[in-house]
>>> print(open('coords_25.pdb').read())   # PDB, C-alpha atoms, pLDDT in the B column
ATOM      1  CA  MET H   1     -46.440 -29.633 -66.760  1.00 38.00           C
ATOM      2  CA  ASP H   2     -49.931 -30.906 -66.072  1.00 42.00           C
ATOM      3  CA  ASN H   3     -52.564 -28.884 -67.914  1.00 41.00           C
ATOM      4  CA  THR H   4     -55.255 -29.738 -65.398  1.00 38.00           C
ATOM      5  CA  PHE H   5     -55.704 -28.438 -61.888  1.00 39.00           C
ATOM      6  CA  SER H   6     -56.879 -30.076 -58.725  1.00 40.00           C
ATOM      7  CA  PRO H   7     -60.399 -30.013 -57.262  1.00 39.00           C
ATOM      8  CA  LEU H   8     -58.916 -28.156 -54.279  1.00 39.00           C
ATOM      9  CA  LEU H   9     -57.913 -25.277 -56.551  1.00 41.00           C
ATOM     10  CA  ILE H  10     -61.440 -25.126 -58.002  1.00 40.00           C
ATOM     11  CA  ILE H  11     -62.901 -25.026 -54.487  1.00 39.00           C
ATOM     12  CA  ALA H  12     -60.439 -22.310 -53.449  1.00 40.00           C
ATOM     13  CA  LEU H  13     -61.345 -20.156 -56.467  1.00 42.00           C
ATOM     14  CA  LEU H  14     -65.065 -20.608 -55.876  1.00 42.00           C
ATOM     15  CA  SER H  15     -64.652 -19.775 -52.200  1.00 40.00           C
ATOM     16  CA  ALA H  16     -62.830 -16.563 -53.085  1.00 42.00           C
ATOM     17  CA  VAL H  17     -65.738 -15.183 -55.105  1.00 42.00           C
ATOM     18  CA  PRO H  18     -67.926 -13.946 -52.202  1.00 43.00           C
ATOM     19  CA  LEU H  19     -64.915 -12.840 -50.197  1.00 40.00           C
ATOM     20  CA  LEU H  20     -63.465 -10.608 -52.883  1.00 41.00           C
ATOM     21  CA  SER H  21     -66.542  -9.342 -54.683  1.00 41.00           C
ATOM     22  CA  GLY H  22     -66.849  -6.411 -52.306  1.00 40.00           C
ATOM     23  CA  CYS H  23     -63.405  -5.039 -53.085  1.00 41.00           C
ATOM     24  CA  ALA H  24     -63.312  -5.954 -56.779  1.00 40.00           C
ATOM     25  CA  SER H  25     -63.085  -3.320 -59.458  1.00 42.00           C
ATOM     26  CA  ALA H  26     -66.296  -2.468 -61.274  1.00 48.00           C
ATOM     27  CA  HIS H  27     -64.332  -1.490 -64.382  1.00 77.00           C
ATOM     28  CA  ASN H  28     -65.383  -4.658 -66.213  1.00 90.00           C
ATOM     29  CA  PRO H  29     -68.402  -6.638 -64.946  1.00 94.00           C
ATOM     30  CA  ALA H  30     -66.930  -9.799 -66.470  1.00 96.00           C
ATOM     31  CA  ASP H  31     -63.943  -9.480 -64.123  1.00 97.00           C
ATOM     32  CA  PRO H  32     -65.321  -9.085 -60.575  1.00 97.00           C
ATOM     33  CA  LEU H  33     -62.146 -10.672 -59.136  1.00 97.00           C
ATOM     34  CA  GLU H  34     -59.767  -8.231 -60.810  1.00 97.00           C
ATOM     35  CA  PRO H  35     -57.555  -7.575 -57.734  1.00 97.00           C
ATOM     36  CA  LEU H  36     -57.004 -11.308 -57.254  1.00 97.00           C
ATOM     37  CA  ASN H  37     -56.581 -11.918 -60.972  1.00 98.00           C
ATOM     38  CA  ARG H  38     -54.026  -9.134 -61.339  1.00 97.00           C
ATOM     39  CA  GLY H  39     -52.000 -10.606 -58.482  1.00 98.00           C
ATOM     40  CA  ILE H  40     -51.975 -14.037 -60.129  1.00 98.00           C
ATOM     41  CA  TYR H  41     -51.177 -12.395 -63.461  1.00 97.00           C
ATOM     42  CA  ARG H  42     -48.107 -10.703 -61.951  1.00 97.00           C
ATOM     43  CA  PHE H  43     -47.018 -14.026 -60.441  1.00 98.00           C
ATOM     44  CA  ASN H  44     -47.418 -15.799 -63.793  1.00 97.00           C
ATOM     45  CA  ASP H  45     -45.558 -13.018 -65.582  1.00 96.00           C
ATOM     46  CA  ALA H  46     -42.628 -13.285 -63.162  1.00 97.00           C
ATOM     47  CA  ILE H  47     -42.437 -17.069 -63.620  1.00 97.00           C
ATOM     48  CA  ASP H  48     -42.654 -16.665 -67.381  1.00 96.00           C
ATOM     49  CA  LYS H  49     -39.843 -14.110 -67.559  1.00 95.00           C
ATOM     50  CA  ALA H  50     -37.598 -16.048 -65.181  1.00 97.00           C
ATOM     51  CA  VAL H  51     -38.112 -19.592 -66.452  1.00 97.00           C
ATOM     52  CA  ILE H  52     -40.637 -20.367 -69.159  1.00 96.00           C
ATOM     53  CA  LYS H  53     -39.761 -17.741 -71.768  1.00 96.00           C
ATOM     54  CA  PRO H  54     -35.970 -18.372 -71.647  1.00 97.00           C
ATOM     55  CA  VAL H  55     -36.566 -22.119 -72.012  1.00 97.00           C
ATOM     56  CA  ALA H  56     -38.938 -21.492 -74.923  1.00 97.00           C
ATOM     57  CA  LYS H  57     -36.322 -19.308 -76.634  1.00 96.00           C
ATOM     58  CA  GLY H  58     -33.714 -22.042 -76.170  1.00 97.00           C
ATOM     59  CA  TYR H  59     -36.116 -24.655 -77.532  1.00 97.00           C
ATOM     60  CA  LYS H  60     -36.789 -22.550 -80.615  1.00 96.00           C
ATOM     61  CA  ALA H  61     -33.079 -21.882 -81.149  1.00 96.00           C
ATOM     62  CA  VAL H  62     -31.994 -25.508 -80.784  1.00 97.00           C
ATOM     63  CA  MET H  63     -34.916 -27.373 -82.360  1.00 96.00           C
ATOM     64  CA  PRO H  64     -34.968 -27.092 -86.176  1.00 96.00           C
ATOM     65  CA  GLN H  65     -38.233 -26.048 -87.795  1.00 96.00           C
ATOM     66  CA  PRO H  66     -39.062 -29.488 -89.274  1.00 97.00           C
ATOM     67  CA  ALA H  67     -38.701 -31.070 -85.821  1.00 97.00           C
ATOM     68  CA  ARG H  68     -40.906 -28.364 -84.259  1.00 97.00           C
ATOM     69  CA  ASN H  69     -43.493 -29.031 -86.959  1.00 97.00           C
ATOM     70  CA  MET H  70     -43.570 -32.713 -86.023  1.00 98.00           C
ATOM     71  CA  VAL H  71     -43.938 -31.876 -82.333  1.00 97.00           C
ATOM     72  CA  GLY H  72     -46.797 -29.525 -83.158  1.00 97.00           C
ATOM     73  CA  ASN H  73     -48.460 -32.129 -85.373  1.00 98.00           C
ATOM     74  CA  PHE H  74     -48.228 -34.770 -82.633  1.00 98.00           C
ATOM     75  CA  ILE H  75     -49.776 -32.437 -80.035  1.00 97.00           C
ATOM     76  CA  SER H  76     -52.471 -31.378 -82.500  1.00 97.00           C
ATOM     77  CA  ASN H  77     -53.364 -34.990 -83.270  1.00 97.00           C
ATOM     78  CA  LEU H  78     -53.909 -35.799 -79.595  1.00 97.00           C
ATOM     79  CA  ASP H  79     -55.998 -32.632 -79.295  1.00 97.00           C
ATOM     80  CA  ASP H  80     -58.172 -33.796 -82.203  1.00 98.00           C
ATOM     81  CA  VAL H  81     -59.343 -36.719 -80.072  1.00 97.00           C
ATOM     82  CA  LEU H  82     -60.868 -34.284 -77.551  1.00 98.00           C
ATOM     83  CA  VAL H  83     -62.157 -32.106 -80.376  1.00 98.00           C
ATOM     84  CA  THR H  84     -64.027 -35.086 -81.832  1.00 98.00           C
ATOM     85  CA  ILE H  85     -65.560 -35.964 -78.459  1.00 98.00           C
ATOM     86  CA  ASN H  86     -66.755 -32.393 -77.974  1.00 98.00           C
ATOM     87  CA  ASP H  87     -68.097 -32.323 -81.537  1.00 98.00           C
ATOM     88  CA  LEU H  88     -70.338 -35.232 -80.590  1.00 98.00           C
ATOM     89  CA  LEU H  89     -71.393 -33.612 -77.315  1.00 98.00           C
ATOM     90  CA  GLN H  90     -72.452 -30.546 -79.326  1.00 98.00           C
ATOM     91  CA  LEU H  91     -74.334 -32.707 -81.859  1.00 98.00           C
ATOM     92  CA  LYS H  92     -72.000 -31.556 -84.655  1.00 98.00           C
ATOM     93  CA  PHE H  93     -71.980 -34.952 -86.347  1.00 98.00           C
ATOM     94  CA  ASN H  94     -70.544 -33.912 -89.730  1.00 97.00           C
ATOM     95  CA  GLN H  95     -67.731 -32.061 -87.996  1.00 97.00           C
ATOM     96  CA  ALA H  96     -67.138 -35.055 -85.700  1.00 98.00           C
ATOM     97  CA  ALA H  97     -66.806 -37.328 -88.718  1.00 98.00           C
ATOM     98  CA  SER H  98     -64.248 -34.981 -90.269  1.00 98.00           C
ATOM     99  CA  ASP H  99     -62.235 -34.560 -87.067  1.00 98.00           C
ATOM    100  CA  GLY H 100     -62.407 -38.280 -86.304  1.00 98.00           C
ATOM    101  CA  ALA H 101     -61.106 -39.011 -89.795  1.00 98.00           C
ATOM    102  CA  ARG H 102     -58.213 -36.599 -89.173  1.00 98.00           C
ATOM    103  CA  VAL H 103     -57.252 -38.563 -86.070  1.00 98.00           C
ATOM    104  CA  MET H 104     -57.397 -41.946 -87.813  1.00 98.00           C
ATOM    105  CA  ILE H 105     -55.500 -40.820 -90.923  1.00 98.00           C
ATOM    106  CA  ASN H 106     -52.793 -38.906 -89.062  1.00 98.00           C
ATOM    107  CA  SER H 107     -52.403 -41.611 -86.407  1.00 97.00           C
ATOM    108  CA  THR H 108     -51.770 -44.256 -89.068  1.00 97.00           C
ATOM    109  CA  PHE H 109     -50.413 -42.806 -92.304  1.00 97.00           C
ATOM    110  CA  GLY H 110     -49.015 -39.831 -90.399  1.00 97.00           C
ATOM    111  CA  VAL H 111     -46.956 -42.021 -88.011  1.00 97.00           C
ATOM    112  CA  LEU H 112     -48.803 -41.339 -84.736  1.00 94.00           C
ATOM    113  CA  GLY H 113     -49.562 -37.801 -85.858  1.00 97.00           C
ATOM    114  CA  LEU H 114     -45.991 -36.665 -86.515  1.00 97.00           C
ATOM    115  CA  PHE H 115     -47.026 -35.763 -90.063  1.00 98.00           C
ATOM    116  CA  ASN H 116     -50.257 -33.959 -90.915  1.00 97.00           C
ATOM    117  CA  VAL H 117     -51.205 -36.002 -93.970  1.00 97.00           C
ATOM    118  CA  ALA H 118     -54.885 -35.133 -93.432  1.00 97.00           C
ATOM    119  CA  ASP H 119     -54.234 -31.429 -93.916  1.00 95.00           C
ATOM    120  CA  ARG H 120     -57.047 -31.204 -96.490  1.00 95.00           C
ATOM    121  CA  LEU H 121     -59.518 -31.855 -93.683  1.00 96.00           C
ATOM    122  CA  GLU H 122     -60.193 -28.656 -91.753  1.00 96.00           C
ATOM    123  CA  LYS H 123     -58.939 -28.633 -88.171  1.00 96.00           C
ATOM    124  CA  HIS H 124     -61.523 -27.391 -85.680  1.00 96.00           C
ATOM    125  CA  ASN H 125     -61.231 -25.986 -82.175  1.00 96.00           C
ATOM    126  CA  GLU H 126     -63.639 -27.512 -79.669  1.00 98.00           C
ATOM    127  CA  ASP H 127     -63.284 -28.188 -75.941  1.00 98.00           C
ATOM    128  CA  PHE H 128     -65.574 -28.903 -73.018  1.00 98.00           C
ATOM    129  CA  GLY H 129     -65.725 -25.220 -72.064  1.00 98.00           C
ATOM    130  CA  GLN H 130     -67.191 -24.527 -75.496  1.00 98.00           C
ATOM    131  CA  THR H 131     -69.524 -27.496 -75.102  1.00 98.00           C
ATOM    132  CA  LEU H 132     -70.883 -26.006 -71.872  1.00 98.00           C
ATOM    133  CA  GLY H 133     -71.315 -22.685 -73.682  1.00 98.00           C
ATOM    134  CA  TYR H 134     -73.055 -24.418 -76.582  1.00 97.00           C
ATOM    135  CA  TRP H 135     -75.678 -25.727 -74.162  1.00 98.00           C
ATOM    136  CA  GLY H 136     -76.277 -22.271 -72.734  1.00 96.00           C
ATOM    137  CA  LEU H 137     -73.925 -22.002 -69.760  1.00 97.00           C
ATOM    138  CA  GLY H 138     -72.455 -18.511 -69.469  1.00 96.00           C
ATOM    139  CA  PRO H 139     -68.719 -17.974 -68.961  1.00 96.00           C
ATOM    140  CA  GLY H 140     -69.034 -16.813 -65.358  1.00 97.00           C
ATOM    141  CA  PRO H 141     -66.347 -14.583 -63.851  1.00 98.00           C
ATOM    142  CA  TYR H 142     -63.022 -14.187 -65.596  1.00 98.00           C
ATOM    143  CA  LEU H 143     -60.210 -16.045 -63.840  1.00 98.00           C
ATOM    144  CA  VAL H 144     -56.442 -16.027 -64.147  1.00 98.00           C
ATOM    145  CA  LEU H 145     -55.164 -19.464 -63.190  1.00 97.00           C
ATOM    146  CA  PRO H 146     -51.714 -19.938 -61.655  1.00 97.00           C
ATOM    147  CA  ILE H 147     -49.256 -20.852 -64.453  1.00 94.00           C
ATOM    148  CA  LEU H 148     -52.115 -21.760 -66.837  1.00 95.00           C
ATOM    149  CA  GLY H 149     -53.154 -18.155 -67.444  1.00 96.00           C
ATOM    150  CA  PRO H 150     -56.455 -16.610 -68.608  1.00 97.00           C
ATOM    151  CA  SER H 151     -59.668 -18.568 -68.205  1.00 98.00           C
ATOM    152  CA  SER H 152     -63.176 -18.267 -66.791  1.00 98.00           C
ATOM    153  CA  LEU H 153     -65.204 -20.283 -64.314  1.00 97.00           C
ATOM    154  CA  ARG H 154     -66.852 -22.202 -67.154  1.00 98.00           C
ATOM    155  CA  ASP H 155     -63.628 -22.723 -69.095  1.00 98.00           C
ATOM    156  CA  SER H 156     -61.756 -23.780 -65.958  1.00 97.00           C
ATOM    157  CA  THR H 157     -64.346 -26.503 -65.444  1.00 97.00           C
ATOM    158  CA  GLY H 158     -63.978 -27.469 -69.090  1.00 97.00           C
ATOM    159  CA  LEU H 159     -60.208 -27.602 -68.772  1.00 96.00           C
ATOM    160  CA  TYR H 160     -60.532 -29.906 -65.781  1.00 95.00           C
ATOM    161  CA  VAL H 161     -62.911 -32.290 -67.586  1.00 97.00           C
ATOM    162  CA  ASP H 162     -60.868 -32.304 -70.813  1.00 97.00           C
ATOM    163  CA  GLY H 163     -57.752 -32.991 -68.773  1.00 94.00           C
ATOM    164  CA  PHE H 164     -59.222 -36.162 -67.304  1.00 92.00           C
ATOM    165  CA  ALA H 165     -60.461 -37.321 -70.718  1.00 93.00           C
ATOM    166  CA  SER H 166     -57.200 -36.635 -72.557  1.00 95.00           C
ATOM    167  CA  ILE H 167     -54.868 -39.405 -73.702  1.00 95.00           C
ATOM    168  CA  PRO H 168     -51.758 -37.924 -71.983  1.00 95.00           C
ATOM    169  CA  TYR H 169     -53.505 -37.780 -68.598  1.00 93.00           C
ATOM    170  CA  ASN H 170     -54.345 -41.470 -68.843  1.00 93.00           C
ATOM    171  CA  VAL H 171     -50.764 -42.525 -69.566  1.00 93.00           C
ATOM    172  CA  GLN H 172     -49.752 -44.632 -66.576  1.00 91.00           C
ATOM    173  CA  ASP H 173     -46.070 -43.709 -66.580  1.00 94.00           C
ATOM    174  CA  VAL H 174     -45.856 -40.440 -64.646  1.00 94.00           C
ATOM    175  CA  SER H 175     -42.470 -39.488 -66.090  1.00 94.00           C
ATOM    176  CA  THR H 176     -43.671 -39.883 -69.670  1.00 95.00           C
ATOM    177  CA  ARG H 177     -46.853 -37.948 -68.926  1.00 95.00           C
ATOM    178  CA  ASN H 178     -44.977 -35.058 -67.321  1.00 94.00           C
ATOM    179  CA  GLN H 179     -42.457 -34.944 -70.162  1.00 95.00           C
ATOM    180  CA  TYR H 180     -45.315 -34.572 -72.610  1.00 96.00           C
ATOM    181  CA  TYR H 181     -46.910 -31.770 -70.602  1.00 95.00           C
ATOM    182  CA  GLY H 182     -43.582 -29.987 -70.316  1.00 96.00           C
ATOM    183  CA  LEU H 183     -42.800 -30.300 -74.028  1.00 96.00           C
ATOM    184  CA  SER H 184     -46.280 -29.220 -75.128  1.00 96.00           C
ATOM    185  CA  SER H 185     -46.174 -26.176 -72.839  1.00 96.00           C
ATOM    186  CA  ILE H 186     -42.741 -25.082 -74.052  1.00 97.00           C
ATOM    187  CA  HIS H 187     -43.715 -25.709 -77.673  1.00 97.00           C
ATOM    188  CA  TYR H 188     -46.805 -23.520 -77.292  1.00 96.00           C
ATOM    189  CA  ARG H 189     -44.821 -20.770 -75.551  1.00 95.00           C
ATOM    190  CA  ALA H 190     -42.227 -20.811 -78.312  1.00 96.00           C
ATOM    191  CA  SER H 191     -44.955 -20.562 -80.956  1.00 94.00           C
ATOM    192  CA  ILE H 192     -46.179 -17.199 -79.641  1.00 92.00           C
ATOM    193  CA  LEU H 193     -42.806 -15.515 -79.114  1.00 91.00           C
ATOM    194  CA  ASP H 194     -43.107 -13.486 -82.318  1.00 86.00           C
ATOM    195  CA  GLN H 195     -46.723 -12.486 -81.614  1.00 82.00           C
ATOM    196  CA  GLU H 196     -45.701 -11.250 -78.193  1.00 82.00           C
ATOM    197  CA  LYS H 197     -43.426  -8.607 -79.737  1.00 76.00           C
ATOM    198  CA  VAL H 198     -46.452  -6.701 -81.024  1.00 74.00           C
ATOM    199  CA  LEU H 199     -47.995  -6.713 -77.547  1.00 75.00           C
ATOM    200  CA  ASN H 200     -44.778  -5.533 -75.914  1.00 75.00           C
ATOM    201  CA  GLU H 201     -44.396  -2.614 -78.324  1.00 74.00           C
ATOM    202  CA  ALA H 202     -47.921  -1.318 -77.764  1.00 68.00           C
ATOM    203  CA  VAL H 203     -48.585   1.164 -74.956  1.00 59.00           C
ATOM    204  CA  ILE H 204     -51.446  -0.667 -73.298  1.00 78.00           C
ATOM    205  CA  ASP H 205     -52.466  -2.337 -70.089  1.00 89.00           C
ATOM    206  CA  ARG H 206     -51.288  -5.878 -70.848  1.00 90.00           C
ATOM    207  CA  TYR H 207     -53.621  -7.399 -68.272  1.00 94.00           C
ATOM    208  CA  GLU H 208     -56.726  -5.740 -69.752  1.00 94.00           C
ATOM    209  CA  PHE H 209     -55.670  -6.514 -73.308  1.00 91.00           C
ATOM    210  CA  ILE H 210     -55.128 -10.218 -72.567  1.00 93.00           C
ATOM    211  CA  ARG H 211     -58.397 -10.428 -70.618  1.00 95.00           C
ATOM    212  CA  ASP H 212     -60.541  -8.709 -73.229  1.00 94.00           C
ATOM    213  CA  THR H 213     -58.941 -10.612 -76.110  1.00 93.00           C
ATOM    214  CA  TYR H 214     -59.426 -13.919 -74.322  1.00 96.00           C
ATOM    215  CA  LEU H 215     -63.103 -13.272 -73.550  1.00 97.00           C
ATOM    216  CA  LEU H 216     -63.863 -12.124 -77.112  1.00 96.00           C
ATOM    217  CA  ARG H 217     -62.091 -15.118 -78.628  1.00 96.00           C
ATOM    218  CA  ARG H 218     -63.862 -17.600 -76.377  1.00 97.00           C
ATOM    219  CA  LYS H 219     -67.241 -16.055 -77.193  1.00 96.00           C
ATOM    220  CA  SER H 220     -66.445 -16.317 -80.883  1.00 96.00           C
ATOM    221  CA  LEU H 221     -65.443 -19.979 -80.512  1.00 97.00           C
ATOM    222  CA  VAL H 222     -68.628 -20.890 -78.633  1.00 96.00           C
ATOM    223  CA  TYR H 223     -70.696 -19.449 -81.494  1.00 95.00           C
ATOM    224  CA  ASP H 224     -68.418 -20.830 -84.222  1.00 93.00           C
ATOM    225  CA  GLY H 225     -67.276 -17.386 -85.293  1.00 89.00           C
ATOM    226  CA  ASN H 226     -70.755 -15.864 -85.426  1.00 89.00           C
ATOM    227  CA  PRO H 227     -71.557 -14.530 -81.924  1.00 88.00           C
ATOM    228  CA  PRO H 228     -74.798 -12.611 -81.395  1.00 85.00           C
ATOM    229  CA  ARG H 229     -74.481  -8.870 -81.690  1.00 78.00           C
ATOM    230  CA  ALA H 230     -74.556  -6.855 -78.506  1.00 66.00           C
ATOM    231  CA  ARG H 231     -77.826  -4.993 -77.946  1.00 62.00           C
ATOM    232  CA  TYR H 232     -77.745  -1.379 -76.840  1.00 50.00           C
ATOM    233  CA  ASP H 233     -80.660   0.558 -75.439  1.00 50.00           C
ATOM    234  CA  PHE H 234     -80.565   4.324 -75.962  1.00 47.00           C
ATOM    235  CA  GLU H 235     -82.687   6.724 -73.987  1.00 47.00           C
ATOM    236  CA  GLU H 236     -84.756   9.088 -76.032  1.00 42.00           C
ATOM    237  CA  LEU H 237     -83.557  12.654 -75.803  1.00 40.00           C
TER     238      LEU H 237
END
>>> encode(input="coords_25.pdb", output="structure tokens")
Amino acid sequence: MDNTFSPLLIIALLSAVPLLSGCASAHNPADPLEPLNRGIYRFNDAIDKAVIKPVAKGYKAVMPQPARNMVGNFISNLDDVLVTINDLLQLKFNQAASDGARVMINSTFGVLGLFNVADRLEKHNEDFGQTLGYWGLGPGPYLVLPILGPSSLRDSTGLYVDGFASIPYNVQDVSTRNQYYGLSSIHYRASILDQEKVLNEAVIDRYEFIRDTYLLRRKSLVYDGNPPRARYDFEEL
């Protein structure tokens, strides 16, 4: 499954903003498109329950843990290439050197990244959405993307740019590229099966929980785990 989305989808989402802002819920100002987002969330949830989750369970049952570790290492190594690029775009040169070294070591001594022999070097999480945030661009409205799930206007743009810059996207053989996207998506879904149990057992609004958790996590990532504290103004009694 391709982890990018077409320019037409971006245009459609942007066009929907003025059309839906009048009927959107004011419950959370970060989510002015809540009616639309909830509809896409329900669609994604139905697809997940019918197809993606059962396949992920089968993958986890059939694939032994050592093999899953190698798949995860390979995906992580390709991700480190984008991480290094975004390190440089954020002027984090020491971090870029460390992440670049991870790629070189794991790609060679780790057999194309199947083995994480550079595990002593810290793995970082950087993407173009965070790079835009680093340079002061706000997240914009919260968006739920078809199949891809929670995002924001800024992070959707970042996802699109990272997708074009990624090694898998530039593989010429379409079949190989799609197989990679499918495997990486199923591997990720299988990796969160156990975490999902906690969410299912809690009596909460799943949509709100996923939205709020996503927005908080992305804010934390943009500020490298040290986001500015919210300021509150209290009226004098």
>>> closest_residue(input="coords_25.pdb", among="H:Asn106, H:Ser191, H:Thr131, H:Gln95", to="Asp162 (chain H)", atoms="only C-alpha atoms")
H:Thr131
>>> atom_distance(input="coords_25.pdb", atom1="CA of Gly39 (chain H)", atom2="CA of Ser220 (chain H)")
27.3 Å
>>> closest_residue(input="coords_25.pdb", among="H:Gly113, H:Gly72, H:Pro66, H:Gly133", to="His187 (chain H)", atoms="all atoms listed in the file")
H:Gly72
>>> atom_distance(input="coords_25.pdb", atom1="CA of Leu91 (chain H)", atom2="CA of Ser156 (chain H)")
22.2 Å
>>> closest_residue(input="coords_25.pdb", among="H:Leu112, H:Leu215, H:Leu36, H:Ile85", to="Gly100 (chain H)", atoms="only C-alpha atoms")
H:Ile85
>>> atom_distance(input="coords_25.pdb", atom1="CA of Ile192 (chain H)", atom2="CA of Asp87 (chain H)")
26.7 Å
